[in-house]
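Enquirer: Next up is a structure, given as structure tokens.
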Amino acid sequence: VDADGRPGAHFADLPAAVAAAQTGDTLLVRAASFPYTAFATDKGLRVLGLGDPVLYAPRWVPVVRVTNLPATATFVIDGFHVPPESSFEVVLAANAGLVVLSHLRARESCNCGPGVIIPAGFAIQDCAQVVVDSCENFGKPAIDVVRSEVVITRTRLGMNAIGVGWGNCLHVDGGRVDVAESELDASLAMDVQGNAQPAVRLRA
């Protein structure tokens with residue numbers, strides 16, 4: 001997949017490539033002059049960024065949506081970033097198979113002040129197994145887990161490039177979450193009254 005149309009490319013954008021792919025396929029996505037468009041799938045694919053390409057969608061529109069992945073399938077996305085002041089919005093819902101989010105980066109957090117409503121970064125609901133490895137993201141919260149099994153490793157949550165916290169890092173409401181070798185910083189997270197918010201919120 002190559003937005004610049006260089007030799008060897010079969011597709012110019014991700015939605016068409018994902019639509020044509022079959023479960024078990026690997027999509028190689030080259031860094032290009034233009035960002036790649038958001039996509040959704042229920043297929044077991046490997047989507048691998050070469051040279052750290054950019055994914056883009058307007059706020060509140062996830063750049064990646066994976067739903068109803070079968071128990072026998074694995075979906076992997078690795079090696080992408082989003083534009084400045086955008087969280088890396090991923091929605092994972094009702095997946096029985098394994099989903100791996102790896103080397104996904106959103107470090108330049110929104111400078112819109114306390115109380116602003118921004119969506120969750122990785123929103124994970126009713127998923128059997130999710131791995132988040134070596135990612136950098138923010139949002140309110142950076143990762144939202146509902147009734148899911150999640151492993152988080154070597155990940156920076158709630159921080160921008162200069163190490164300033166923004167937004168709650170992790171919210172868990174049911175399921176199991178294991179966190180190792182990661183950094184969570186909500187030092188600038190505030191509600192609409194300007195009150196500091198915790199880095200981690202557990203409801204169940």
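Just remember, in the structure tokens the first chain shown is A, the second B, etc., residues are 1-based per chain, and ligands are 1-based in the order shown.
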What's around segment 131-133 of chain A at 9 Å? Count only C-alpha atoms, leave out sequence neighbours fewer than 5 positions away in its own chain, and write the answer as an NGL selection string.

Expert: :A and (98-104 or 149-155)

Enquirer: Applying 7 Å and only C-alpha atoms, which residues near Ala142 of chain A remain after dropping the ones on its own chain fewer than 4 positions away? List them as a PyMOL selection string.

Expert: chain A and resi 120-122+137-138+157-158+167-170

Enquirer: Write the residues of the preceding selection, restricted to all heavy atoms, as a PDB file, in the first residue's frame.

Expert:
```pdb
ATOM      1  N   ALA A 120     -11.581   8.529  24.095  1.00  0.00           N
ATOM      2  CA  ALA A 120     -10.572   7.565  24.534  1.00  0.00           C
ATOM      3  C   ALA A 120      -9.611   7.283  23.388  1.00  0.00           C
ATOM      4  O   ALA A 120      -9.982   7.359  22.218  1.00  0.00           O
ATOM      5  CB  ALA A 120     -11.240   6.274  24.979  1.00  0.00           C
ATOM      6  N   GLY A 121      -8.360   6.949  23.745  1.00  0.00           N
ATOM      7  CA  GLY A 121      -7.403   6.551  22.725  1.00  0.00           C
ATOM      8  C   GLY A 121      -7.728   5.158  22.209  1.00  0.00           C
ATOM      9  O   GLY A 121      -8.329   5.000  21.154  1.00  0.00           O
ATOM     10  N   PHE A 122      -7.349   4.126  22.960  1.00  0.00           N
ATOM     11  CA  PHE A 122      -7.711   2.753  22.619  1.00  0.00           C
ATOM     12  C   PHE A 122      -8.951   2.377  23.431  1.00  0.00           C
ATOM     13  O   PHE A 122      -8.887   2.260  24.650  1.00  0.00           O
ATOM     14  CB  PHE A 122      -6.575   1.789  22.953  1.00  0.00           C
ATOM     15  CG  PHE A 122      -5.261   2.090  22.263  1.00  0.00           C
ATOM     16  CD1 PHE A 122      -4.069   1.721  22.863  1.00  0.00           C
ATOM     17  CD2 PHE A 122      -5.216   2.728  21.037  1.00  0.00           C
ATOM     18  CE1 PHE A 122      -2.851   1.987  22.236  1.00  0.00           C
ATOM     19  CE2 PHE A 122      -4.016   3.006  20.403  1.00  0.00           C
ATOM     20  CZ  PHE A 122      -2.820   2.627  21.005  1.00  0.00           C
ATOM     21  N   ASN A 137       0.329   6.941  23.702  1.00  0.00           N
ATOM     22  CA  ASN A 137      -0.986   7.483  23.390  1.00  0.00           C
ATOM     23  C   ASN A 137      -1.522   8.314  24.548  1.00  0.00           C
ATOM     24  O   ASN A 137      -1.049   8.211  25.675  1.00  0.00           O
ATOM     25  CB  ASN A 137      -1.962   6.350  23.076  1.00  0.00           C
ATOM     26  CG  ASN A 137      -3.107   6.786  22.180  1.00  0.00           C
ATOM     27  OD1 ASN A 137      -3.118   7.908  21.676  1.00  0.00           O
ATOM     28  ND2 ASN A 137      -4.068   5.912  21.968  1.00  0.00           N
ATOM     29  N   PHE A 138      -2.483   9.167  24.232  1.00  0.00           N
ATOM     30  CA  PHE A 138      -3.213   9.915  25.252  1.00  0.00           C
ATOM     31  C   PHE A 138      -4.695   9.846  24.892  1.00  0.00           C
ATOM     32  O   PHE A 138      -5.094   9.179  23.951  1.00  0.00           O
ATOM     33  CB  PHE A 138      -2.715  11.362  25.331  1.00  0.00           C
ATOM     34  CG  PHE A 138      -2.999  12.177  24.095  1.00  0.00           C
ATOM     35  CD1 PHE A 138      -4.129  12.972  24.018  1.00  0.00           C
ATOM     36  CD2 PHE A 138      -2.130  12.157  23.025  1.00  0.00           C
ATOM     37  CE1 PHE A 138      -4.396  13.717  22.882  1.00  0.00           C
ATOM     38  CE2 PHE A 138      -2.384  12.899  21.883  1.00  0.00           C
ATOM     39  CZ  PHE A 138      -3.520  13.680  21.801  1.00  0.00           C
ATOM     40  N   LEU A 157       1.570   6.176  28.447  1.00  0.00           N
ATOM     41  CA  LEU A 157       0.181   6.625  28.373  1.00  0.00           C
ATOM     42  C   LEU A 157       0.033   7.990  29.035  1.00  0.00           C
ATOM     43  O   LEU A 157       0.565   8.234  30.105  1.00  0.00           O
ATOM     44  CB  LEU A 157      -0.740   5.621  29.062  1.00  0.00           C
ATOM     45  CG  LEU A 157      -0.746   4.215  28.463  1.00  0.00           C
ATOM     46  CD1 LEU A 157      -1.653   3.314  29.282  1.00  0.00           C
ATOM     47  CD2 LEU A 157      -1.179   4.240  27.011  1.00  0.00           C
ATOM     48  N   GLY A 158      -0.723   8.874  28.386  1.00  0.00           N
ATOM     49  CA  GLY A 158      -1.052  10.165  28.957  1.00  0.00           C
ATOM     50  C   GLY A 158      -0.005  11.227  28.774  1.00  0.00           C
ATOM     51  O   GLY A 158      -0.177  12.347  29.238  1.00  0.00           O
ATOM     52  N   GLY A 167      -4.684  13.812  30.360  1.00  0.00           N
ATOM     53  CA  GLY A 167      -5.756  12.826  30.313  1.00  0.00           C
ATOM     54  C   GLY A 167      -5.497  11.621  31.194  1.00  0.00           C
ATOM     55  O   GLY A 167      -4.363  11.258  31.464  1.00  0.00           O
ATOM     56  N   ASN A 168      -6.585  11.012  31.695  1.00  0.00           N
ATOM     57  CA  ASN A 168      -6.443   9.771  32.451  1.00  0.00           C
ATOM     58  C   ASN A 168      -5.785   8.723  31.568  1.00  0.00           C
ATOM     59  O   ASN A 168      -6.046   8.647  30.377  1.00  0.00           O
ATOM     60  CB  ASN A 168      -7.801   9.276  32.917  1.00  0.00           C
ATOM     61  CG  ASN A 168      -8.417  10.216  33.926  1.00  0.00           C
ATOM     62  OD1 ASN A 168      -7.985  11.347  34.077  1.00  0.00           O
ATOM     63  ND2 ASN A 168      -9.438   9.754  34.601  1.00  0.00           N
ATOM     64  N   CYS A 169      -4.948   7.904  32.161  1.00  0.00           N
ATOM     65  CA  CYS A 169      -4.201   6.918  31.379  1.00  0.00           C
ATOM     66  C   CYS A 169      -4.989   5.635  31.142  1.00  0.00           C
ATOM     67  O   CYS A 169      -4.999   5.101  30.042  1.00  0.00           O
ATOM     68  CB  CYS A 169      -2.903   6.592  32.085  1.00  0.00           C
ATOM     69  SG  CYS A 169      -1.831   8.015  32.287  1.00  0.00           S
ATOM     70  N   LEU A 170      -5.613   5.135  32.190  1.00  0.00           N
ATOM     71  CA  LEU A 170      -6.215   3.807  32.109  1.00  0.00           C
ATOM     72  C   LEU A 170      -7.505   3.770  32.916  1.00  0.00           C
ATOM     73  O   LEU A 170      -7.514   4.126  34.088  1.00  0.00           O
ATOM     74  CB  LEU A 170      -5.214   2.773  32.645  1.00  0.00           C
ATOM     75  CG  LEU A 170      -5.640   1.309  32.676  1.00  0.00           C
ATOM     76  CD1 LEU A 170      -5.952   0.801  31.285  1.00  0.00           C
ATOM     77  CD2 LEU A 170      -4.536   0.470  33.326  1.00  0.00           C
TER      78      LEU A 170
END
```

Enquirer: Near Glu89 of chain A, within 12 Å and counting only C-alpha atoms, which residues show up once chain neighbours fewer than 2 positions away are dropped, as a count of residues only?

Expert: 43

Enquirer: If we count only C-alpha atoms and set the cut-off at 8 Å, which residues sit around segment 13-19 of chain A, ignoring sequence neighbours fewer than 4 positions away in its own chain? Please answer as number ranges by chain.

Expert: A: 1-3, 27, 36-41

Enquirer: Those residues you just picked out, can you put them in a file as a PDB file, in the first residue's frame with C-alpha atoms?

Expert:
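Saved file selection.pdb follows:
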```
ATOM      1  CA  VAL A   1       0.000   0.000   0.000  1.00  0.00           C
ATOM      2  CA  ASP A   2       1.571   3.294  -1.088  1.00  0.00           C
ATOM      3  CA  ALA A   3      -0.185   6.669  -1.209  1.00  0.00           C
ATOM      4  CA  LEU A  27      -0.447  -5.565   4.204  1.00  0.00           C
ATOM      5  CA  TYR A  36      -3.654   7.019   5.097  1.00  0.00           C
ATOM      6  CA  THR A  37      -7.407   6.880   5.654  1.00  0.00           C
ATOM      7  CA  ALA A  38      -9.137   5.222   8.602  1.00  0.00           C
ATOM      8  CA  PHE A  39     -10.327   1.653   8.096  1.00  0.00           C
ATOM      9  CA  ALA A  40     -12.499  -1.005   9.726  1.00  0.00           C
ATOM     10  CA  THR A  41     -12.299  -4.785   9.540  1.00  0.00           C
TER      11      THR A  41
END
```

Enquirer: One decimal, in Å: what's the spacing between atom CA of Thr26 of chain A and atom CA of Gln129 of chain A?

Expert: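 So the answer is 20.2 Å.
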
Enquirer: Which residues are near Ala93 of chain A? Cut-off 6 Å, only C-alpha atoms, ignore same chain within fewer than 2 positions. Put them as a list in words.

Expert: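 Near Ala93 of chain A, the qualifying residues are Thr67, Asn95, Gln125 and Asp126 of chain A.
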
Enquirer: Let's have the selection written as a PDB file, in the first residue's frame, with N, CA, C and O atoms.

Expert:
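Okay, out.pdb is ready:
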```
ATOM      1  N   THR A  67     -13.872  -5.277  14.798  1.00  0.00           N
ATOM      2  CA  THR A  67     -15.036  -5.813  15.496  1.00  0.00           C
ATOM      3  C   THR A  67     -15.329  -7.233  15.008  1.00  0.00           C
ATOM      4  O   THR A  67     -15.072  -7.576  13.853  1.00  0.00           O
ATOM      5  N   ASN A  95     -14.480  -8.908  20.027  1.00  0.00           N
ATOM      6  CA  ASN A  95     -13.500  -9.727  19.314  1.00  0.00           C
ATOM      7  C   ASN A  95     -13.173 -10.979  20.121  1.00  0.00           C
ATOM      8  O   ASN A  95     -12.698 -10.883  21.256  1.00  0.00           O
ATOM      9  N   GLN A 125     -13.624  -3.121  24.221  1.00  0.00           N
ATOM     10  CA  GLN A 125     -14.845  -3.603  24.881  1.00  0.00           C
ATOM     11  C   GLN A 125     -15.170  -5.019  24.426  1.00  0.00           C
ATOM     12  O   GLN A 125     -15.193  -5.315  23.225  1.00  0.00           O
ATOM     13  N   ASP A 126     -15.414  -5.892  25.405  1.00  0.00           N
ATOM     14  CA  ASP A 126     -15.838  -7.267  25.137  1.00  0.00           C
ATOM     15  C   ASP A 126     -14.868  -7.985  24.202  1.00  0.00           C
ATOM     16  O   ASP A 126     -15.274  -8.596  23.197  1.00  0.00           O
TER      17      ASP A 126
END
```

Enquirer: Kindly give the distance, in Å, that separates atom CA of Gly8 of chain A and atom CA of Leu28 of chain A, rounded to a single decimal.

Expert: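 Taking atom CA of Gly8 of chain A and atom CA of Leu28 of chain A, their separation equals 10.8 Å.
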
Enquirer: Could you pull out the strand (DSSP E) residues of chain A from DSSP and send them as a ChimeraX atom specification?

Expert: /A:26-30,36-37,39-41,46-50,55-56,64-67,74-81,90-105,122-133,136-137,143-153,156-157,170-180,183-184,200-202

Enquirer: Would you work out the distance separating atom CA of Asp25 of chain A from atom CA of Pro70 of chain A, expressed in Å to one decimal?

Expert: 15.2 Å

Enquirer: Neighbouring residues of Pro53 of chain A were defined as those with any atom within 7 Å, considering only C-alpha atoms; residues of the same chain fewer than 3 positions away were excluded. Please report them as a list in words.

Expert: Arg30, Ala31, Ala32, Gly49, Leu50, Phe80 and His81 of chain A

Enquirer: Between A:Ala199, A:Arg6, A:Thr72, A:Gln22, which one has atoms that come closest to Lys43 of chain A, using only C-alpha atoms?

Expert: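 Using only C-alpha atoms, the shortest distance to Lys43 of chain A belongs to A:Gln22.
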